[in-house]
file start-v8.txt (compact mmCIF, C-alpha atoms and all ligand atoms)
# COMPACT_ATOMS: atom_id res chain seq x y z
CA MET A 1 71.99 34.74 38.89
CA LEU A 2 73.55 32.41 36.47
CA ARG A 3 75.55 29.63 37.97
CA THR A 4 77.95 27.42 36.10
CA ALA A 5 75.25 24.87 35.69
CA SER A 6 72.61 27.26 34.38
CA VAL A 7 72.54 28.96 31.01
CA GLY A 8 76.18 28.44 30.17
CA ALA A 9 76.39 24.79 30.92
CA ALA A 10 72.93 24.33 29.53
CA LEU A 11 73.98 25.75 26.18
CA LEU A 12 76.87 23.36 26.27
CA ILE A 13 74.55 20.45 26.82
CA ALA A 14 72.36 21.28 23.86
CA GLY A 15 72.87 18.68 21.23
CA SER A 16 75.25 16.53 23.26
CA ALA A 17 74.36 13.00 24.24
CA LEU A 18 72.39 12.70 21.06
CA VAL A 19 71.62 9.19 20.03
CA SER A 20 71.83 8.28 16.39
CA CYS A 21 68.67 9.00 14.47
CA GLY A 22 67.54 6.34 12.09
CA GLY A 23 65.92 8.98 9.94
CA ASP A 24 64.19 8.35 6.67
CA GLY A 25 65.34 11.60 5.12
CA ASN A 26 64.89 10.71 1.49
CA ALA A 27 61.27 9.68 1.52
CA ALA A 28 59.22 10.69 -1.49
CA GLY A 29 58.66 14.43 -1.75
CA PRO A 30 59.70 16.58 1.20
CA SER A 31 56.89 18.50 2.84
CA GLY A 32 58.23 19.49 6.23
CA GLU A 33 57.41 22.87 7.68
CA VAL A 34 58.85 24.79 10.61
CA THR A 35 56.24 26.13 13.00
CA VAL A 36 56.64 28.06 16.26
CA VAL A 37 54.24 27.30 19.09
CA TYR A 38 53.90 29.17 22.39
CA GLU A 39 52.31 26.89 24.99
CA ASP A 40 51.11 29.81 27.09
CA ASP A 41 49.22 27.76 29.67
CA THR A 42 52.48 26.06 30.72
CA ILE A 43 54.42 29.31 31.22
CA LYS A 44 55.00 30.51 34.80
CA PRO A 45 54.24 34.16 35.67
CA LYS A 46 57.93 34.88 36.41
CA ASP A 47 58.88 33.93 32.84
CA ARG A 48 56.10 35.77 31.00
CA HIS A 49 58.07 38.96 30.45
CA ALA A 50 60.99 37.21 28.75
CA VAL A 51 58.60 35.14 26.62
CA GLU A 52 56.75 38.33 25.59
CA VAL A 53 60.07 39.90 24.57
CA ILE A 54 60.81 36.96 22.30
CA ARG A 55 57.28 36.76 20.92
CA LYS A 56 57.15 40.48 20.10
CA SER A 57 60.60 40.42 18.51
CA GLY A 58 59.49 37.68 16.10
CA VAL A 59 63.03 36.25 15.97
CA LEU A 60 61.90 32.62 16.11
CA GLU A 61 59.29 33.12 13.39
CA GLN A 62 61.80 35.04 11.24
CA ALA A 63 64.23 32.12 11.28
CA ALA A 64 61.42 29.61 10.73
CA ASP A 65 60.27 31.61 7.68
CA TRP A 66 63.78 31.62 6.24
CA VAL A 67 64.04 27.84 6.49
CA ASN A 68 60.54 27.38 5.07
CA GLU A 69 61.34 29.57 2.07
CA SER A 70 64.79 28.12 1.41
CA VAL A 71 64.95 24.49 2.51
CA ALA A 72 62.68 21.54 1.76
CA LEU A 73 62.67 19.52 4.97
CA PRO A 74 61.72 15.85 4.92
CA HIS A 75 59.73 16.28 8.16
CA ASP A 76 57.93 18.97 10.11
CA LEU A 77 59.94 20.84 12.73
CA VAL A 78 57.99 22.17 15.72
CA VAL A 79 59.59 24.87 17.86
CA LYS A 80 57.96 24.83 21.28
CA VAL A 81 58.27 27.65 23.77
CA THR A 82 57.03 25.63 26.70
CA ASP A 83 57.59 24.44 30.23
CA LYS A 84 56.50 20.96 29.15
CA VAL A 85 59.97 19.67 28.30
CA PRO A 86 61.63 16.24 28.44
CA PRO A 87 63.49 15.34 31.65
CA GLY A 88 66.69 17.29 32.23
CA VAL A 89 66.01 19.99 29.64
CA THR A 90 66.79 23.44 31.09
CA ASP A 91 67.82 25.35 27.96
CA ALA A 92 67.11 25.49 24.24
CA VAL A 93 67.65 22.04 22.75
CA ALA A 94 67.04 20.20 19.49
CA GLN A 95 65.80 16.63 19.74
CA PRO A 96 68.00 13.92 18.17
CA ASP A 97 65.66 13.45 15.18
CA GLY A 98 65.68 17.21 14.44
CA ARG A 99 61.89 17.38 14.50
CA THR A 100 61.40 19.32 17.75
CA ILE A 101 63.22 22.24 19.33
CA PHE A 102 62.36 23.12 22.92
CA VAL A 103 62.80 26.67 24.22
CA PRO A 104 62.11 26.65 27.99
CA PRO A 105 60.75 29.99 29.26
CA ALA A 106 63.02 29.91 32.34
CA PHE A 107 66.01 29.79 30.01
CA LEU A 108 64.83 33.04 28.38
CA THR A 109 64.43 34.60 31.83
CA GLN A 110 68.01 33.60 32.72
CA ILE A 111 69.28 35.31 29.59
CA GLU A 112 67.23 38.43 30.37
CA GLU A 113 68.63 38.49 33.94
CA ALA A 114 72.19 38.07 32.71
CA PHE A 115 71.73 41.05 30.40
CA GLY A 116 70.19 43.03 33.26
CA ASP A 117 73.65 42.85 34.87
CA VAL A 118 75.56 43.29 31.61
CA VAL A 119 73.96 46.60 30.70
CA LYS A 120 74.98 47.98 34.10
CA THR A 121 78.52 46.59 34.20
CA VAL A 122 79.79 46.17 30.63
CA LYS A 123 80.81 49.02 28.35
CA ARG A 124 78.80 48.94 25.13
CA PRO A 125 80.97 48.02 22.12
CA ALA A 126 80.74 50.99 19.73
CA LEU A 127 79.62 48.63 16.94
CA PHE A 128 76.50 47.64 18.90
CA PRO A 129 73.67 50.19 18.45
CA GLU A 130 73.09 52.33 21.55
CA ALA A 131 69.30 52.16 21.12
CA ARG A 132 69.40 48.36 21.37
CA PHE A 133 71.81 48.07 24.31
CA ASN A 134 69.07 47.14 26.77
CA ALA A 135 68.16 43.81 28.39
CA ASP A 136 65.09 43.18 26.19
CA ASP A 137 66.78 43.76 22.83
CA LEU A 138 69.96 41.95 23.85
CA THR A 139 67.79 39.01 24.96
CA SER A 140 65.92 38.77 21.67
CA LEU A 141 69.08 39.22 19.58
CA SER A 142 71.11 36.62 21.48
CA THR A 143 68.11 34.25 21.38
CA GLN A 144 68.07 34.72 17.61
CA PHE A 145 71.66 33.48 17.52
CA ILE A 146 71.08 30.63 20.03
CA PHE A 147 68.00 29.55 18.08
CA GLY A 148 70.18 29.56 14.96
CA HIS A 149 72.43 27.07 16.76
CA GLU A 150 69.48 24.76 17.48
CA LEU A 151 68.21 25.12 13.90
CA GLY A 152 71.68 24.08 12.76
CA HIS A 153 71.32 20.86 14.76
CA ALA A 154 67.81 20.28 13.37
CA LEU A 155 69.00 20.76 9.78
CA GLN A 156 71.98 18.46 10.28
CA ARG A 157 69.73 15.79 11.75
CA GLN A 158 66.78 16.03 9.37
CA LEU A 159 68.87 16.39 6.21
CA GLN A 160 71.47 13.87 7.45
CA LEU A 161 74.28 16.26 6.55
CA ALA A 162 77.78 14.84 6.42
CA ASN A 163 79.86 16.49 9.14
CA LEU A 164 83.62 16.96 8.98
CA GLY A 165 84.05 18.35 12.48
CA LEU A 166 82.27 18.48 15.81
CA GLU A 167 78.52 18.80 15.44
CA GLU A 168 78.48 21.59 18.04
CA ASP A 169 80.91 23.62 15.94
CA ALA A 170 78.71 23.11 12.89
CA ALA A 171 75.66 24.26 14.90
CA ASP A 172 77.48 27.41 16.04
CA GLY A 173 78.56 27.86 12.43
CA PHE A 174 74.99 27.75 11.20
CA ALA A 175 74.02 30.43 13.75
CA SER A 176 76.75 32.67 12.29
CA PHE A 177 75.92 31.73 8.69
CA TYR A 178 72.22 32.48 9.13
CA THR A 179 72.40 35.62 11.26
CA ASP A 180 75.42 37.29 9.61
CA ASN A 181 73.94 36.72 6.13
CA GLU A 182 70.25 37.29 6.78
CA VAL A 183 69.95 39.54 9.83
CA GLY A 184 73.10 41.61 10.39
CA PRO A 185 75.84 41.85 13.02
CA GLU A 186 73.64 42.36 16.11
CA PRO A 187 72.79 38.69 16.92
CA SER A 188 76.48 37.64 16.80
CA LEU A 189 77.45 40.64 18.92
CA ALA A 190 74.69 40.04 21.48
CA ALA A 191 75.65 36.34 21.70
CA ALA A 192 79.31 37.28 22.12
CA ILE A 193 78.41 39.71 24.93
CA LEU A 194 76.27 37.01 26.64
CA PHE A 195 78.85 34.24 26.33
CA ASP A 196 81.59 36.58 27.56
CA ALA A 197 79.51 37.26 30.68
CA LEU A 198 78.82 33.52 31.11
CA ALA A 199 82.51 32.68 30.78
CA ARG A 200 83.30 35.10 33.59
CA GLU A 201 80.57 33.47 35.72
CA GLU A 202 81.97 30.01 35.02
CA GLY A 203 85.39 31.05 36.27
CA LYS A 204 88.20 28.54 36.25
CA LEU A 205 88.04 25.84 33.59
CA THR A 206 87.31 22.33 34.83
CA MET A 207 88.32 19.04 33.24
CA GLU A 208 84.68 18.46 32.33
CA GLY A 209 84.51 21.90 30.70
CA LEU A 210 87.60 21.22 28.64
CA ALA A 211 86.29 17.77 27.72
CA SER A 212 82.97 19.16 26.48
CA ASP A 213 81.84 18.48 22.92
CA HIS A 214 81.58 22.30 22.68
CA PRO A 215 84.53 24.67 22.58
CA VAL A 216 84.98 26.38 25.95
CA THR A 217 82.64 29.34 26.35
CA GLN A 218 85.23 32.10 25.94
CA GLN A 219 86.49 30.45 22.77
CA ARG A 220 82.99 30.55 21.31
CA VAL A 221 82.93 34.32 21.89
CA PHE A 222 85.97 34.70 19.65
CA ASN A 223 84.56 32.28 17.07
CA PHE A 224 81.35 34.35 16.80
CA LEU A 225 83.41 37.55 16.41
CA CYS A 226 85.83 35.94 13.95
CA TYR A 227 83.09 34.88 11.55
CA LEU A 228 81.45 38.28 11.81
CA GLU A 229 84.72 40.10 11.14
CA GLY A 230 85.55 37.77 8.27
CA SER A 231 82.15 38.30 6.67
CA ASP A 232 83.00 41.95 5.97
CA PRO A 233 86.50 42.94 7.13
CA LYS A 234 86.23 46.44 5.61
CA ARG A 235 83.28 47.15 7.89
CA PHE A 236 84.17 45.14 10.99
CA ASN A 237 87.98 45.10 11.27
CA GLY A 238 88.18 48.54 12.92
CA PRO A 239 85.37 48.10 15.46
CA LEU A 240 86.31 44.49 16.35
CA VAL A 241 90.07 44.12 15.85
CA GLY A 242 91.11 47.78 16.13
CA ALA A 243 88.99 48.20 19.26
CA GLY A 244 90.59 45.12 20.84
CA TYR A 245 87.65 42.70 20.94
CA LEU A 246 89.23 40.22 18.51
CA PRO A 247 93.01 39.70 18.82
CA LYS A 248 95.30 40.46 15.89
CA THR A 249 96.67 36.92 16.22
CA ARG A 250 93.30 35.49 15.12
CA ALA A 251 91.93 38.15 12.80
CA PRO A 252 93.98 37.34 9.65
CA LEU A 253 92.38 33.88 9.60
CA CYS A 254 88.82 35.16 9.74
CA PRO A 255 88.02 36.21 6.13
CA GLN A 256 89.02 32.76 4.92
CA ALA A 257 87.25 31.02 7.82
CA TRP A 258 84.04 32.88 7.01
CA ALA A 259 84.37 32.12 3.29
CA MET A 260 84.77 28.39 4.05
CA LEU A 261 81.78 28.42 6.41
CA ASP A 262 79.57 30.33 3.98
CA TYR A 263 80.53 28.05 1.09
CA GLY A 264 80.14 25.02 3.36
CA TRP A 265 76.59 25.73 4.44
CA TRP A 266 75.37 26.84 1.01
CA THR A 267 76.85 23.66 -0.44
CA GLN A 268 75.32 21.43 2.23
CA LEU A 269 71.89 23.03 1.74
CA LYS A 270 72.04 23.13 -2.09
CA PRO A 271 70.55 19.65 -2.72
CA HIS A 272 67.69 20.60 -0.38
CA PHE A 273 66.66 24.03 -1.72
CA THR A 274 62.95 24.54 -2.30
CA GLU A 275 61.81 24.94 -5.92
CA SER A 276 61.18 28.65 -5.41
CA PHE A 277 64.57 29.29 -3.80
CA LYS A 278 66.66 27.08 -6.11
CA GLU A 279 67.74 29.76 -8.60
CA GLN A 280 68.71 32.28 -5.92
CA GLY A 281 70.27 29.60 -3.69
CA ASP A 282 72.38 28.18 -6.52
CA LYS A 283 73.67 31.70 -7.24
CA ARG A 284 74.54 32.25 -3.57
CA GLN A 285 76.36 28.92 -3.47
CA GLY A 286 78.25 29.76 -6.66
CA SER A 287 79.38 33.16 -5.46
CA ALA A 288 80.30 31.71 -2.05
CA HIS A 289 82.53 29.24 -3.89
CA ASP A 290 84.21 32.03 -5.90
CA HIS A 291 84.66 34.09 -2.75
CA TRP A 292 86.28 31.16 -0.93
CA ILE A 293 88.76 30.59 -3.80
CA ALA A 294 89.61 34.32 -3.82
CA GLU A 295 90.14 34.35 -0.04
CA MET A 296 92.32 31.25 -0.24
CA LYS A 297 94.52 32.93 -2.85
CA ALA A 298 94.68 36.12 -0.80
CA PHE A 299 95.69 34.14 2.28
CA GLU A 300 98.44 32.30 0.38
CA LYS A 301 100.13 35.66 -0.07
CA GLN A 302 100.03 36.41 3.66
CA ILE A 303 100.83 32.98 5.07
CA ASP A 304 104.61 33.43 5.59
CA GLU A 305 104.09 36.75 7.30
CA PHE A 306 101.24 35.35 9.41
CA ARG A 307 103.24 32.31 10.60
CA SER A 308 106.30 34.42 11.34
CA ALA A 309 104.21 36.74 13.54
CA GLN A 310 102.86 33.88 15.74
ZN ZN B 1 74.30 22.37 20.42

call {"tool": "encode", "arguments": {"input": "start-v8.txt", "output": "C-alpha cells", "more": "lines below"}}
Ligand SMILES: [Zn+2]
result
Amino acid sequence: MLRTASVGAALLIAGSALVSCGGDGNAAGPSGEVTVVYEDDTIKPKDRHAVEVIRKSGVLEQAADWVNESVALPHDLVVKVTDKVPPGVTDAVAQPDGRTIFVPPAFLTQIEEAFGDVVKTVKRPALFPEARFNADDLTSLSTQFIFGHELGHALQRQLQLANLGLEEDAADGFASFYTDNEVGPEPSLAAAILFDALAREEGKLTMEGLASDHPVTQQRVFNFLCYLEGSDPKRFNGPLVGAGYLPKTRAPLCPQAWAMLDYGWWTQLKPHFTESFKEQGDKRQGSAHDHWIAEMKAFEKQIDEFRSAQ
C-alpha cells in the first residue's frame, strides 16, 4: 500500500532540493539525444510486471521521440529504468543538470498497486475509456504524464529556461502541454485519478505538505483537469465540469489558463526547435499566441460576472 512517504511524497520530492546547474547550454551546435534504457539485470522479480507494462506501452520512447524530433538539446538525456539509483531516490526524478532521468521499477509497481485498488473502489469517469480502465493501462497512462513532468524539469535545466513561477508548477505544466497536445486526454485523466487516490491516502495536510515546493496533491488533480478542460471546453466541459469533477468556481479560468500555458511552452521551446521541426513549431507558436489573445478578450467579457459569482 502507498503510505504518505511513498509515491505521493516521492512525486513531491522530484525536482526539489536541486542545486544550481552551471550548465554550458549554448555550446556550439546542439547534438543531444534522448534515449531510454532498461537496466534489466538490476530489476527485482516483484517489479518486472510493472516494468513490462511500461516497456510494452512505449510511453517513455514516445515522449523521447517527440523531444528528439522537436527540440535540439545541448546535451544527451538518458532515461534509465533501473534499480541503480542515487541515494534517496524512490520515484521518478530528473537530475539537476537535466541529463539523466531515473525511473525506479519499485515506483512503477507502487503505481500499479494503487490502481489495483482504484479500479475496484473508484467509479470510472465516463470520459475515461472503459476498455482502458484497468491497472495496466492506467499505470502506463499516468506514467506517461509523470514522465512528462520529469521531461519538463530536464528541458528547463538543459535549455536554461527562464521561469516565472515555481519550477514544479512548470514541470506539471509541461506534462499537460505535452500529453494534452500530443497524446490526448487519457494521461491527464489517469494522473488525476492517481493523485486523487494518493491525496486520500495522505489524509490530513501537514505543515511540511503545505510548505512543499509542489502544490498539495489534491490541488494538482484540479490543475491537471483544468488544463485539460481548457484545452477543448466544447469537448470536456460536460464530462468534467457538468459531471462534477472540476468545480464551476474554477472552470471559467481554464480556457485562458490553458492558452497561456500552451503559448508559454511553445514560446520557451521556439529558440530550440530542430531544423526539421522549425516551420511547424513556429506555426504552432504563432497560433498559440493568437489563441491566447482571443481567450484573453473572451475572458475580459466575463470577468465582472466571474468575480461577482465568487
Ligand atoms: Zn518535479

call {"tool": "closest_residue", "arguments": {"input": "start-v8.txt", "among": "A:Phe147, A:Phe128, A:Phe273, A:Phe177", "to": "ligand ZN 1 (chain B)", "atoms": "all atoms listed in the file"}}
result
A:Phe147

call {"tool": "residues_near_point", "arguments": {"input": "start-v8.txt", "point": "(89.1, 43.2, 9.8)", "cutoff": "10 Å", "atoms": "only C-alpha atoms", "output": "VMD selection string"}}
result
chain A and resid 226 228 to 242 246 248 251 to 255

call {"tool": "residues_around", "arguments": {"input": "start-v8.txt", "residues": "region 49-65 of chain A", "least_positions_apart": "4", "cutoff": "9 Å", "atoms": "only C-alpha atoms", "output": "PyMOL selection string"}}
result
chain A and resi 33-36+38+43+45+69-70+79+81+105-106+108-112+136-137+139-141+143-144+147-148+151+178-179

call {"tool": "atom_distance", "arguments": {"input": "start-v8.txt", "atom1": "CA of Ser31 (chain A)", "atom2": "CA of Val85 (chain A)"}}
result
25.7 Å

call {"tool": "atom_distance", "arguments": {"input": "start-v8.txt", "atom1": "CA of Gln256 (chain A)", "atom2": "CA of Gly286 (chain A)"}}
result
16.1 Å

call {"tool": "residues_around", "arguments": {"input": "start-v8.txt", "residues": "His291 (chain A)", "least_positions_apart": "4", "cutoff": "10 Å", "atoms": "only C-alpha atoms", "output": "PyMOL selection string"}}
result
chain A and resi 255-256+258-260+262-263+285-287+295-297

call {"tool": "residues_around", "arguments": {"input": "start-v8.txt", "residues": "Leu77 (chain A)", "least_positions_apart": "2", "cutoff": "12 Å", "atoms": "all atoms listed in the file", "output": "PyMOL selection string"}}
result
chain A and resi 31-37+64-65+67-68+71-75+79-80+94-102+150-151+153-155+157-159

call {"tool": "build_atoms", "arguments": {"input": "start-v8.txt", "residues": "region 100-111 of chain A", "atoms": "all heavy atoms", "output": "compact mmCIF listing (two decimals), in the coordinates of the input"}}
result
# COMPACT_ATOMS: atom_id res chain seq x y z
N THR A 100 61.92 18.44 16.69
CA THR A 100 61.40 19.32 17.75
C THR A 100 62.55 20.11 18.35
O THR A 100 63.63 19.57 18.58
CB THR A 100 60.73 18.50 18.89
OG1 THR A 100 59.88 17.50 18.34
CG2 THR A 100 59.93 19.42 19.82
N ILE A 101 62.30 21.41 18.56
CA ILE A 101 63.22 22.24 19.33
C ILE A 101 62.43 22.76 20.53
O ILE A 101 61.31 23.27 20.36
CB ILE A 101 63.77 23.42 18.49
CG1 ILE A 101 64.70 22.90 17.39
CG2 ILE A 101 64.52 24.43 19.38
CD1 ILE A 101 65.18 23.97 16.40
N PHE A 102 62.99 22.59 21.72
CA PHE A 102 62.36 23.12 22.92
C PHE A 102 63.07 24.40 23.35
O PHE A 102 64.30 24.45 23.38
CB PHE A 102 62.43 22.10 24.07
CG PHE A 102 61.57 20.89 23.86
CD1 PHE A 102 62.12 19.68 23.46
CD2 PHE A 102 60.20 20.96 24.07
CE1 PHE A 102 61.33 18.56 23.26
CE2 PHE A 102 59.38 19.84 23.88
CZ PHE A 102 59.95 18.64 23.47
N VAL A 103 62.26 25.42 23.67
CA VAL A 103 62.80 26.67 24.22
C VAL A 103 62.12 26.90 25.57
O VAL A 103 61.00 27.41 25.62
CB VAL A 103 62.55 27.86 23.28
CG1 VAL A 103 63.18 29.14 23.85
CG2 VAL A 103 63.07 27.59 21.88
N PRO A 104 62.76 26.50 26.68
CA PRO A 104 62.11 26.65 27.99
C PRO A 104 62.05 28.13 28.41
O PRO A 104 63.06 28.83 28.31
CB PRO A 104 63.00 25.86 28.95
CG PRO A 104 63.92 25.05 28.09
CD PRO A 104 64.05 25.79 26.80
N PRO A 105 60.89 28.59 28.86
CA PRO A 105 60.75 29.99 29.26
C PRO A 105 61.76 30.42 30.33
O PRO A 105 62.26 31.55 30.28
CB PRO A 105 59.32 30.04 29.81
CG PRO A 105 58.61 28.94 29.10
CD PRO A 105 59.61 27.86 28.90
N ALA A 106 62.07 29.53 31.28
CA ALA A 106 63.02 29.91 32.34
C ALA A 106 64.41 30.20 31.77
O ALA A 106 65.15 31.02 32.31
CB ALA A 106 63.11 28.79 33.38
N PHE A 107 64.74 29.54 30.69
CA PHE A 107 66.01 29.79 30.01
C PHE A 107 66.04 31.23 29.45
O PHE A 107 67.05 31.94 29.56
CB PHE A 107 66.16 28.75 28.89
CG PHE A 107 67.31 28.98 27.95
CD1 PHE A 107 68.61 28.80 28.36
CD2 PHE A 107 67.08 29.33 26.62
CE1 PHE A 107 69.68 28.98 27.48
CE2 PHE A 107 68.12 29.51 25.73
CZ PHE A 107 69.43 29.34 26.16
N LEU A 108 64.91 31.66 28.90
CA LEU A 108 64.83 33.04 28.38
C LEU A 108 64.95 34.05 29.53
O LEU A 108 65.59 35.09 29.38
CB LEU A 108 63.52 33.23 27.61
CG LEU A 108 63.32 32.29 26.41
CD1 LEU A 108 61.92 32.47 25.82
CD2 LEU A 108 64.39 32.54 25.33
N THR A 109 64.33 33.72 30.66
CA THR A 109 64.43 34.60 31.83
C THR A 109 65.88 34.70 32.31
O THR A 109 66.36 35.79 32.67
CB THR A 109 63.53 34.10 32.97
OG1 THR A 109 62.18 34.10 32.51
CG2 THR A 109 63.63 34.99 34.20
N GLN A 110 66.59 33.57 32.30
CA GLN A 110 68.01 33.60 32.72
C GLN A 110 68.84 34.50 31.82
O GLN A 110 69.71 35.23 32.29
CB GLN A 110 68.59 32.18 32.70
CG GLN A 110 68.11 31.32 33.86
CD GLN A 110 68.61 29.88 33.74
OE1 GLN A 110 68.79 29.36 32.65
NE2 GLN A 110 68.83 29.25 34.87
N ILE A 111 68.56 34.45 30.53
CA ILE A 111 69.28 35.31 29.59
C ILE A 111 68.96 36.78 29.89
O ILE A 111 69.85 37.63 29.95
CB ILE A 111 68.93 34.95 28.12
CG1 ILE A 111 69.44 33.55 27.79
CG2 ILE A 111 69.49 35.98 27.16
CD1 ILE A 111 69.01 33.05 26.42
